[in-house]
>>> print(open('coords_25.cif').read())   # mmCIF, N, CA and C atoms
data_work
loop_
_atom_site.label_atom_id
_atom_site.label_comp_id
_atom_site.auth_asym_id
_atom_site.auth_seq_id
_atom_site.Cartn_x
_atom_site.Cartn_y
_atom_site.Cartn_z
N MET A 769 161.82 54.27 118.63
CA MET A 769 160.54 54.82 119.08
C MET A 769 159.40 53.90 118.68
N THR A 770 158.44 53.79 119.56
CA THR A 770 157.22 53.04 119.26
C THR A 770 156.37 53.84 118.29
N THR A 771 155.74 53.17 117.33
CA THR A 771 154.89 53.91 116.40
C THR A 771 153.55 53.22 116.19
N ALA A 772 153.05 52.58 117.22
CA ALA A 772 151.77 51.88 117.11
C ALA A 772 150.61 52.85 117.34
N THR A 773 149.48 52.52 116.73
CA THR A 773 148.24 53.24 117.01
C THR A 773 147.29 52.23 117.64
N ILE A 774 146.96 52.46 118.89
CA ILE A 774 146.07 51.56 119.62
C ILE A 774 144.84 52.37 120.02
N LYS A 775 143.68 51.92 119.57
CA LYS A 775 142.45 52.66 119.87
C LYS A 775 141.88 52.20 121.21
N PHE A 776 141.57 53.20 122.05
CA PHE A 776 140.97 52.91 123.35
C PHE A 776 140.25 54.15 123.85
N LYS A 777 139.39 53.96 124.84
CA LYS A 777 138.65 55.06 125.44
C LYS A 777 138.75 55.00 126.96
N LEU A 778 138.66 56.17 127.57
CA LEU A 778 138.67 56.29 129.02
C LEU A 778 137.51 57.20 129.44
N ASN A 779 136.89 56.92 130.56
CA ASN A 779 135.85 57.79 131.10
C ASN A 779 136.54 58.87 131.93
N LEU A 780 136.32 60.13 131.59
CA LEU A 780 137.02 61.22 132.26
C LEU A 780 136.23 61.79 133.44
N THR A 781 136.97 62.47 134.31
CA THR A 781 136.38 63.06 135.51
C THR A 781 135.43 64.21 135.20
N ASN A 782 135.47 64.76 133.99
CA ASN A 782 134.53 65.83 133.62
C ASN A 782 133.31 65.27 132.89
N ASN A 783 133.10 63.96 133.01
CA ASN A 783 131.97 63.23 132.41
C ASN A 783 132.03 63.17 130.89
N SER A 784 133.20 63.40 130.31
CA SER A 784 133.36 63.21 128.87
C SER A 784 134.20 61.94 128.65
N ILE A 785 134.52 61.68 127.40
CA ILE A 785 135.27 60.47 127.04
C ILE A 785 136.59 60.86 126.39
N PHE A 786 137.67 60.23 126.84
CA PHE A 786 138.97 60.35 126.17
C PHE A 786 138.96 59.27 125.10
N ASP A 787 139.07 59.67 123.86
CA ASP A 787 139.09 58.73 122.73
C ASP A 787 140.43 58.90 122.02
N SER A 788 141.27 57.88 122.09
CA SER A 788 142.62 58.00 121.52
C SER A 788 142.61 58.27 120.02
N ALA A 789 141.50 57.99 119.36
CA ALA A 789 141.40 58.24 117.92
C ALA A 789 140.92 59.66 117.60
N LYS A 790 140.54 60.42 118.63
CA LYS A 790 139.98 61.77 118.42
C LYS A 790 140.58 62.77 119.40
N LEU A 791 141.87 62.99 119.31
CA LEU A 791 142.54 63.92 120.22
C LEU A 791 142.59 65.31 119.62
N ASN A 792 142.54 66.33 120.47
CA ASN A 792 142.59 67.72 120.00
C ASN A 792 144.01 68.17 119.68
N LYS A 793 144.97 67.60 120.38
CA LYS A 793 146.37 67.94 120.15
C LYS A 793 147.25 66.81 120.66
N LYS A 794 148.55 66.98 120.52
CA LYS A 794 149.46 65.96 121.04
C LYS A 794 149.20 65.82 122.54
N THR A 795 149.41 64.61 123.04
CA THR A 795 148.98 64.29 124.40
C THR A 795 150.02 63.48 125.16
N VAL A 796 150.18 63.83 126.42
CA VAL A 796 150.94 63.00 127.36
C VAL A 796 149.88 62.32 128.23
N LEU A 797 149.90 61.00 128.21
CA LEU A 797 148.94 60.20 128.98
C LEU A 797 149.74 59.29 129.90
N PHE A 798 149.54 59.48 131.21
CA PHE A 798 150.25 58.63 132.16
C PHE A 798 149.26 57.78 132.94
N PHE A 799 149.65 56.54 133.19
CA PHE A 799 148.83 55.59 133.95
C PHE A 799 149.48 55.34 135.30
N TYR A 800 148.69 55.47 136.35
CA TYR A 800 149.16 55.24 137.71
C TYR A 800 148.37 54.07 138.31
N PRO A 801 148.98 53.31 139.22
CA PRO A 801 148.32 52.11 139.74
C PRO A 801 147.06 52.34 140.57
N LYS A 802 147.04 53.34 141.46
CA LYS A 802 145.90 53.47 142.36
C LYS A 802 145.81 54.90 142.92
N ALA A 803 144.66 55.52 142.72
CA ALA A 803 144.42 56.86 143.24
C ALA A 803 144.55 56.88 144.76
N MET A 804 144.97 58.03 145.26
CA MET A 804 145.05 58.30 146.71
C MET A 804 146.18 57.52 147.40
N THR A 805 147.15 57.03 146.65
CA THR A 805 148.29 56.35 147.26
C THR A 805 149.53 57.23 147.11
N GLY A 806 150.54 56.94 147.89
CA GLY A 806 151.73 57.80 147.98
C GLY A 806 152.38 58.18 146.65
N GLY A 807 152.87 57.18 145.92
CA GLY A 807 153.57 57.46 144.67
C GLY A 807 152.66 58.10 143.63
N CYS A 808 151.42 57.67 143.59
CA CYS A 808 150.47 58.22 142.60
C CYS A 808 150.14 59.67 142.93
N SER A 809 150.04 60.00 144.22
CA SER A 809 149.78 61.38 144.62
C SER A 809 150.93 62.29 144.22
N ILE A 810 152.15 61.82 144.40
CA ILE A 810 153.32 62.60 143.99
C ILE A 810 153.31 62.79 142.48
N GLU A 811 153.01 61.72 141.75
CA GLU A 811 153.03 61.78 140.29
C GLU A 811 152.02 62.78 139.74
N VAL A 812 150.77 62.75 140.22
CA VAL A 812 149.77 63.69 139.68
C VAL A 812 150.14 65.13 140.02
N GLN A 813 150.73 65.34 141.20
CA GLN A 813 151.16 66.70 141.57
C GLN A 813 152.34 67.16 140.73
N ASP A 814 153.27 66.25 140.43
CA ASP A 814 154.41 66.62 139.58
C ASP A 814 153.94 67.04 138.19
N PHE A 815 152.98 66.31 137.61
CA PHE A 815 152.45 66.70 136.31
C PHE A 815 151.73 68.04 136.42
N GLN A 816 151.01 68.28 137.53
CA GLN A 816 150.31 69.55 137.73
C GLN A 816 151.31 70.71 137.77
N LYS A 817 152.42 70.53 138.49
CA LYS A 817 153.42 71.60 138.61
C LYS A 817 153.99 72.01 137.26
N LYS A 818 154.04 71.09 136.32
CA LYS A 818 154.64 71.37 135.00
C LYS A 818 153.59 71.47 133.89
N LEU A 819 152.31 71.59 134.28
CA LEU A 819 151.25 71.64 133.29
C LEU A 819 151.42 72.78 132.29
N SER A 820 151.81 73.96 132.77
CA SER A 820 151.99 75.10 131.86
C SER A 820 153.12 74.85 130.87
N THR A 821 154.15 74.13 131.29
CA THR A 821 155.25 73.78 130.37
C THR A 821 154.75 72.88 129.26
N PHE A 822 153.95 71.87 129.63
CA PHE A 822 153.38 70.98 128.61
C PHE A 822 152.48 71.76 127.66
N GLU A 823 151.68 72.67 128.20
CA GLU A 823 150.78 73.47 127.36
C GLU A 823 151.58 74.33 126.38
N LYS A 824 152.67 74.95 126.86
CA LYS A 824 153.52 75.77 125.97
C LYS A 824 154.15 74.92 124.88
N LEU A 825 154.40 73.67 125.16
CA LEU A 825 154.98 72.75 124.16
C LEU A 825 153.90 72.18 123.22
N GLY A 826 152.64 72.53 123.46
CA GLY A 826 151.54 72.09 122.60
C GLY A 826 150.92 70.76 122.98
N PHE A 827 151.03 70.39 124.25
CA PHE A 827 150.52 69.09 124.70
C PHE A 827 149.40 69.22 125.72
N ASP A 828 148.41 68.31 125.60
CA ASP A 828 147.44 68.08 126.65
C ASP A 828 148.04 67.03 127.58
N VAL A 829 147.60 67.02 128.83
CA VAL A 829 148.03 66.02 129.81
C VAL A 829 146.80 65.36 130.39
N PHE A 830 146.85 64.03 130.50
CA PHE A 830 145.81 63.24 131.14
C PHE A 830 146.48 62.18 132.00
N GLY A 831 145.89 61.89 133.15
CA GLY A 831 146.31 60.75 133.96
C GLY A 831 145.21 59.72 133.91
N ALA A 832 145.53 58.46 134.21
CA ALA A 832 144.50 57.42 134.15
C ALA A 832 144.86 56.24 135.06
N SER A 833 143.80 55.54 135.48
CA SER A 833 143.96 54.34 136.29
C SER A 833 142.73 53.47 136.10
N LYS A 834 142.69 52.35 136.79
CA LYS A 834 141.52 51.47 136.76
C LYS A 834 140.52 51.85 137.86
N ASP A 835 140.80 52.93 138.59
CA ASP A 835 139.88 53.38 139.63
C ASP A 835 138.59 53.88 139.01
N SER A 836 137.53 53.92 139.80
CA SER A 836 136.24 54.43 139.32
C SER A 836 136.35 55.93 139.02
N VAL A 837 135.41 56.43 138.23
CA VAL A 837 135.36 57.86 137.94
C VAL A 837 135.19 58.63 139.25
N GLU A 838 134.37 58.12 140.15
CA GLU A 838 134.14 58.79 141.43
C GLU A 838 135.43 58.91 142.26
N LYS A 839 136.20 57.83 142.30
CA LYS A 839 137.45 57.87 143.07
C LYS A 839 138.45 58.82 142.41
N ASN A 840 138.52 58.78 141.07
CA ASN A 840 139.43 59.69 140.38
C ASN A 840 139.00 61.14 140.53
N THR A 841 137.70 61.39 140.61
CA THR A 841 137.21 62.76 140.82
C THR A 841 137.63 63.26 142.21
N LYS A 842 137.54 62.41 143.22
CA LYS A 842 138.00 62.78 144.56
C LYS A 842 139.51 63.06 144.55
N PHE A 843 140.25 62.25 143.80
CA PHE A 843 141.70 62.41 143.68
C PHE A 843 142.02 63.74 143.01
N LEU A 844 141.32 64.05 141.92
CA LEU A 844 141.50 65.31 141.19
C LEU A 844 141.19 66.49 142.10
N ASP A 845 140.07 66.41 142.83
CA ASP A 845 139.67 67.49 143.72
C ASP A 845 140.65 67.69 144.88
N LYS A 846 141.13 66.59 145.43
CA LYS A 846 142.05 66.66 146.57
C LYS A 846 143.29 67.47 146.23
N TYR A 847 143.81 67.29 145.01
CA TYR A 847 145.04 67.97 144.61
C TYR A 847 144.80 69.15 143.67
N LYS A 848 143.51 69.52 143.49
CA LYS A 848 143.14 70.67 142.66
C LYS A 848 143.81 70.62 141.29
N LEU A 849 143.74 69.45 140.66
CA LEU A 849 144.37 69.26 139.36
C LEU A 849 143.63 70.03 138.28
N LYS A 850 144.37 70.60 137.35
CA LYS A 850 143.79 71.38 136.25
C LYS A 850 143.77 70.57 134.95
N TYR A 851 143.99 69.27 135.05
CA TYR A 851 143.86 68.37 133.91
C TYR A 851 142.97 67.21 134.35
N GLU A 852 142.41 66.52 133.38
CA GLU A 852 141.45 65.45 133.68
C GLU A 852 142.14 64.12 133.97
N LEU A 853 141.47 63.32 134.78
CA LEU A 853 141.89 61.95 135.05
C LEU A 853 140.90 61.01 134.38
N GLY A 854 141.41 59.91 133.85
CA GLY A 854 140.57 58.94 133.17
C GLY A 854 140.46 57.64 133.95
N SER A 855 139.31 57.01 133.80
CA SER A 855 139.08 55.70 134.41
C SER A 855 138.98 54.67 133.30
N ASP A 856 139.84 53.67 133.37
CA ASP A 856 139.80 52.58 132.39
C ASP A 856 138.77 51.57 132.88
N LEU A 857 137.56 51.72 132.39
CA LEU A 857 136.48 50.82 132.79
C LEU A 857 136.32 49.68 131.80
N ASN A 858 137.12 49.69 130.75
CA ASN A 858 137.05 48.64 129.73
C ASN A 858 138.37 47.91 129.65
N ASP A 859 139.10 48.13 128.58
CA ASP A 859 140.32 47.34 128.37
C ASP A 859 141.48 48.13 127.81
N ALA A 860 141.56 49.42 128.11
CA ALA A 860 142.67 50.25 127.62
C ALA A 860 144.01 49.71 128.13
N CYS A 861 144.09 49.41 129.42
CA CYS A 861 145.36 48.92 129.99
C CYS A 861 145.79 47.61 129.34
N GLU A 862 144.83 46.75 129.08
CA GLU A 862 145.15 45.48 128.43
C GLU A 862 145.64 45.73 127.00
N LYS A 863 144.96 46.60 126.27
CA LYS A 863 145.36 46.90 124.89
C LYS A 863 146.76 47.50 124.83
N LEU A 864 147.09 48.31 125.84
CA LEU A 864 148.40 48.97 125.88
C LEU A 864 149.48 48.08 126.49
N GLY A 865 149.09 46.91 126.99
CA GLY A 865 150.07 45.97 127.55
C GLY A 865 150.60 46.37 128.91
N ILE A 866 149.83 47.17 129.66
CA ILE A 866 150.32 47.63 130.96
C ILE A 866 149.53 47.05 132.13
N TRP A 867 148.61 46.12 131.85
CA TRP A 867 147.89 45.39 132.90
C TRP A 867 148.66 44.10 133.11
N ILE A 868 149.41 44.05 134.19
CA ILE A 868 150.37 42.96 134.36
C ILE A 868 150.17 42.24 135.69
N GLU A 869 150.70 41.03 135.75
CA GLU A 869 150.68 40.29 137.00
C GLU A 869 151.76 40.84 137.91
N LYS A 870 151.39 41.08 139.16
CA LYS A 870 152.32 41.59 140.16
C LYS A 870 152.32 40.62 141.34
N SER A 871 153.25 40.85 142.24
CA SER A 871 153.34 40.00 143.42
C SER A 871 153.75 40.85 144.61
N MET A 872 153.03 40.68 145.73
CA MET A 872 153.39 41.37 146.96
C MET A 872 153.20 40.41 148.12
N TYR A 873 154.25 40.24 148.89
CA TYR A 873 154.23 39.33 150.03
C TYR A 873 153.77 37.92 149.63
N GLY A 874 154.19 37.50 148.43
CA GLY A 874 153.85 36.17 147.94
C GLY A 874 152.48 36.05 147.30
N LYS A 875 151.68 37.10 147.37
CA LYS A 875 150.34 37.09 146.79
C LYS A 875 150.40 37.67 145.37
N LYS A 876 149.86 36.94 144.41
CA LYS A 876 149.86 37.41 143.02
C LYS A 876 148.53 38.11 142.72
N TYR A 877 148.62 39.17 141.96
CA TYR A 877 147.44 39.94 141.56
C TYR A 877 147.76 40.70 140.28
N PHE A 878 146.75 41.27 139.63
CA PHE A 878 146.97 42.08 138.44
C PHE A 878 146.86 43.55 138.79
N GLY A 879 147.70 44.35 138.17
CA GLY A 879 147.69 45.79 138.41
C GLY A 879 148.34 46.52 137.25
N ILE A 880 148.31 47.82 137.33
CA ILE A 880 148.88 48.67 136.28
C ILE A 880 150.39 48.78 136.45
N ASN A 881 151.10 48.60 135.36
CA ASN A 881 152.52 48.90 135.28
C ASN A 881 152.61 50.40 135.03
N ARG A 882 153.06 51.17 136.02
CA ARG A 882 153.10 52.64 135.89
C ARG A 882 153.80 53.00 134.58
N SER A 883 153.08 53.69 133.70
CA SER A 883 153.55 53.94 132.34
C SER A 883 153.13 55.33 131.86
N THR A 884 153.88 55.85 130.90
CA THR A 884 153.55 57.14 130.27
C THR A 884 153.67 56.98 128.77
N PHE A 885 152.73 57.61 128.05
CA PHE A 885 152.71 57.55 126.59
C PHE A 885 152.65 58.96 126.03
N ILE A 886 153.38 59.19 124.95
CA ILE A 886 153.24 60.41 124.17
C ILE A 886 152.49 60.01 122.91
N LEU A 887 151.35 60.67 122.69
CA LEU A 887 150.49 60.37 121.54
C LEU A 887 150.42 61.57 120.60
N ASP A 888 150.38 61.31 119.29
CA ASP A 888 150.12 62.40 118.36
C ASP A 888 148.61 62.62 118.28
N LYS A 889 148.17 63.58 117.46
CA LYS A 889 146.73 63.92 117.40
C LYS A 889 145.86 62.78 116.91
N LYS A 890 146.46 61.81 116.21
CA LYS A 890 145.69 60.68 115.69
C LYS A 890 145.75 59.47 116.62
N GLY A 891 146.40 59.62 117.77
CA GLY A 891 146.48 58.54 118.74
C GLY A 891 147.66 57.61 118.54
N LYS A 892 148.54 57.96 117.62
CA LYS A 892 149.73 57.14 117.38
C LYS A 892 150.70 57.33 118.54
N ILE A 893 151.19 56.23 119.08
CA ILE A 893 152.14 56.29 120.19
C ILE A 893 153.51 56.67 119.63
N LEU A 894 153.99 57.86 120.02
CA LEU A 894 155.29 58.33 119.55
C LEU A 894 156.41 57.84 120.45
N HIS A 895 156.10 57.67 121.73
CA HIS A 895 157.09 57.16 122.68
C HIS A 895 156.36 56.68 123.92
N SER A 896 156.98 55.75 124.63
CA SER A 896 156.39 55.28 125.89
C SER A 896 157.48 54.92 126.89
N TRP A 897 157.10 55.02 128.15
CA TRP A 897 157.94 54.60 129.27
C TRP A 897 157.14 53.60 130.08
N SER A 898 157.78 52.54 130.53
CA SER A 898 157.11 51.59 131.42
C SER A 898 157.96 51.41 132.67
N LYS A 899 157.36 50.82 133.69
CA LYS A 899 158.03 50.67 134.98
C LYS A 899 158.60 52.00 135.44
N VAL A 900 157.80 53.04 135.30
CA VAL A 900 158.20 54.41 135.61
C VAL A 900 158.51 54.56 137.10
N LYS A 901 159.61 55.23 137.37
CA LYS A 901 159.94 55.66 138.73
C LYS A 901 159.49 57.12 138.81
N VAL A 902 158.70 57.45 139.81
CA VAL A 902 158.06 58.77 139.89
C VAL A 902 159.07 59.91 139.96
N LYS A 903 160.11 59.74 140.75
CA LYS A 903 161.08 60.82 140.94
C LYS A 903 161.71 61.24 139.60
N ASP A 904 161.59 62.51 139.29
CA ASP A 904 162.18 63.13 138.09
C ASP A 904 161.55 62.68 136.77
N HIS A 905 160.49 61.89 136.81
CA HIS A 905 159.90 61.39 135.56
C HIS A 905 159.31 62.50 134.71
N VAL A 906 158.61 63.44 135.31
CA VAL A 906 157.99 64.51 134.53
C VAL A 906 159.06 65.31 133.78
N GLU A 907 160.16 65.59 134.44
CA GLU A 907 161.28 66.29 133.77
C GLU A 907 161.83 65.46 132.62
N GLU A 908 161.87 64.14 132.80
CA GLU A 908 162.35 63.24 131.75
C GLU A 908 161.43 63.33 130.52
N VAL A 909 160.12 63.39 130.74
CA VAL A 909 159.16 63.49 129.64
C VAL A 909 159.34 64.82 128.91
N ILE A 910 159.46 65.91 129.66
CA ILE A 910 159.64 67.23 129.05
C ILE A 910 160.93 67.26 128.25
N SER A 911 162.00 66.74 128.80
CA SER A 911 163.29 66.71 128.08
C SER A 911 163.18 65.92 126.79
N PHE A 912 162.48 64.80 126.84
CA PHE A 912 162.32 63.97 125.63
C PHE A 912 161.55 64.75 124.55
N ILE A 913 160.49 65.43 124.94
CA ILE A 913 159.69 66.20 123.99
C ILE A 913 160.55 67.29 123.35
N LYS A 914 161.32 68.00 124.17
CA LYS A 914 162.17 69.08 123.65
C LYS A 914 163.27 68.55 122.75
N GLU A 915 163.96 67.50 123.21
CA GLU A 915 165.07 66.94 122.44
C GLU A 915 164.63 66.39 121.10
N ASN A 916 163.43 65.84 121.05
CA ASN A 916 162.93 65.23 119.81
C ASN A 916 162.01 66.16 119.02
N LYS A 917 161.91 67.41 119.48
CA LYS A 917 161.12 68.44 118.81
C LYS A 917 159.72 67.96 118.47
N LEU A 918 159.06 67.34 119.44
CA LEU A 918 157.71 66.82 119.23
C LEU A 918 156.67 67.91 119.40
#
>>> encode(input="coords_25.cif", output="structure tokens")
Amino acid sequence: MTTATIKFKLNLTNNSIFDSAKLNKKTVLFFYPKAMTGGCSIEVQDFQKKLSTFEKLGFDVFGASKDSVEKNTKFLDKYKLKYELGSDLNDACEKLGIWIEKSMYGKKYFGINRSTFILDKKGKILHSWSKVKVKDHVEEVISFIKENKL
């Protein structure tokens, strides 16, 4: 298990700040590459469907991307999400090592490596997944939390 504490902040869709050093409870934080795209839309809806399960397990849920707060707010509204989305307007993705070089049709660019982190109340990373495949991922996170009694 990863046990690093990496301090970072995200601008949230409710106009507040997600501060990894000041969490109210254990947190599942997932990063998606781009709001309003196919896989990302499925992912935010999958987390929404299981939000009550995460709450019963004592976890907050947040999603995040490099999209603007305005775009993430439209994304949140479109799917009527009951959890906040964060915009990495600084360097959270870089600090977490998930801002990576990608390639499509021979063109190289930087983007988010779809990732999920489980954080304790102090922002310590208890576990992480990278190169996440959307299908069944939310169930995988819930199973991990239950199996490890987090």
>>> residues_around(input="coords_25.cif", residues="A:Lys899", least_positions_apart="3", cutoff="6 Å", atoms="only N, CA and C atoms", output="list of chain:residue names")
A:Asn881, A:Arg882, A:Ser883
>>> closest_residue(input="coords_25.cif", among="A:Asn779, A:Lys875, A:Leu791, A:Tyr847", to="A:Lys834", atoms="only C-alpha atoms")
A:Asn779
>>> atom_distance(input="coords_25.cif", atom1="atom CA of A:Gln813", atom2="atom CA of A:Lys850")
10.2 Å
>>> resolve_selection(input="coords_25.cif", expression="the PyMOL selection byres ((chain A and resi 851) around 6.5)", output="count of residues only")
8
>>> residues_around(input="coords_25.cif", residues="A:Asp888", least_positions_apart="2", cutoff="6 Å", atoms="all atoms listed in the file", output="list in words")
Lys793, Lys794, Thr795, Ile886, Lys890, Gly891, Lys892, Ile893 and Leu894 of chain A
>>> select_by_dssp(input="coords_25.cif", residues="stretch 834-900 of chain A", states="alpha helix (DSSP H)", output="ChimeraX atom specification")
/A:837-846,860-864
>>> select_by_dssp(input="coords_25.cif", residues="chain A", states="strand (DSSP E or B)", output="PyMOL selection string")
chain A and resi 773+777-780+785-787+794-799+827-833+853-855+867-872+875-880+883-887+892-897
>>> closest_residue(input="coords_25.cif", among="A:Phe843, A:Tyr877, A:Phe912, A:Phe822", to="A:Val796", atoms="only C-alpha atoms")
A:Phe822
>>> closest_residue(input="coords_25.cif", among="A:Met872, A:Val906, A:Val837, A:Cys861", to="A:Lys818", atoms="all atoms listed in the file")
A:Val906
>>> atom_distance(input="coords_25.cif", atom1="atom CA of A:Lys777", atom2="atom C of A:Leu797")
12.7 Å
>>> atom_distance(input="coords_25.cif", atom1="atom CA of A:Leu887", atom2="atom CA of A:Ser788")
8.2 Å
>>> axis_aligned_box(input="coords_25.cif", around="stretch 902-907 of chain A", padding_each_side="4 Å", output="JSON")
{"center_x": 160.1, "center_y": 61.9, "center_z": 136.8, "size_x": 12.2, "size_y": 16.8, "size_z": 16.3}
>>> resolve_selection(input="coords_25.cif", expression="the PyMOL selection byres ((chain A and resi 869) around 8)", output="JSON, numbers by chain")
{"A": [866, 867, 868, 870, 871, 872, 876, 877, 878, 879, 880, 881]}
>>> residues_around(input="coords_25.cif", residues="A:Phe776", least_positions_apart="4", cutoff="8 Å", atoms="only C-alpha atoms", output="mmCIF file with N, CA and C atoms, in the coordinates of the input")
data_model
loop_
_atom_site.group_PDB
_atom_site.id
_atom_site.type_symbol
_atom_site.label_atom_id
_atom_site.label_comp_id
_atom_site.auth_asym_id
_atom_site.auth_seq_id
_atom_site.Cartn_x
_atom_site.Cartn_y
_atom_site.Cartn_z
ATOM 1 N N ASP A 787 139.070 59.670 123.860
ATOM 2 C CA ASP A 787 139.090 58.730 122.730
ATOM 3 C C ASP A 787 140.430 58.900 122.020
ATOM 4 N N SER A 788 141.270 57.880 122.090
ATOM 5 C CA SER A 788 142.620 58.000 121.520
ATOM 6 C C SER A 788 142.610 58.270 120.020
ATOM 7 N N ALA A 789 141.500 57.990 119.360
ATOM 8 C CA ALA A 789 141.400 58.240 117.920
ATOM 9 C C ALA A 789 140.920 59.660 117.600
ATOM 10 N N ASP A 859 139.100 48.130 128.580
ATOM 11 C CA ASP A 859 140.320 47.340 128.370
ATOM 12 C C ASP A 859 141.480 48.130 127.810
ATOM 13 N N ALA A 860 141.560 49.420 128.110
ATOM 14 C CA ALA A 860 142.670 50.250 127.620
ATOM 15 C C ALA A 860 144.010 49.710 128.130
ATOM 16 N N LYS A 863 144.960 46.600 126.270
ATOM 17 C CA LYS A 863 145.360 46.900 124.890
ATOM 18 C C LYS A 863 146.760 47.500 124.830
#
>>> closest_residue(input="coords_25.cif", among="A:Leu819, A:Glu907, A:Ala803, A:Asn916", to="A:Lys839", atoms="all atoms listed in the file")
A:Ala803
>>> closest_residue(input="coords_25.cif", among="A:Gln816, A:Asn782, A:Phe799, A:Phe827", to="A:Ser898", atoms="only C-alpha atoms")
A:Phe799
>>> closest_residue(input="coords_25.cif", among="A:His905, A:Asn840, A:Lys802, A:Leu864", to="A:Asp814", atoms="all atoms listed in the file")
A:His905
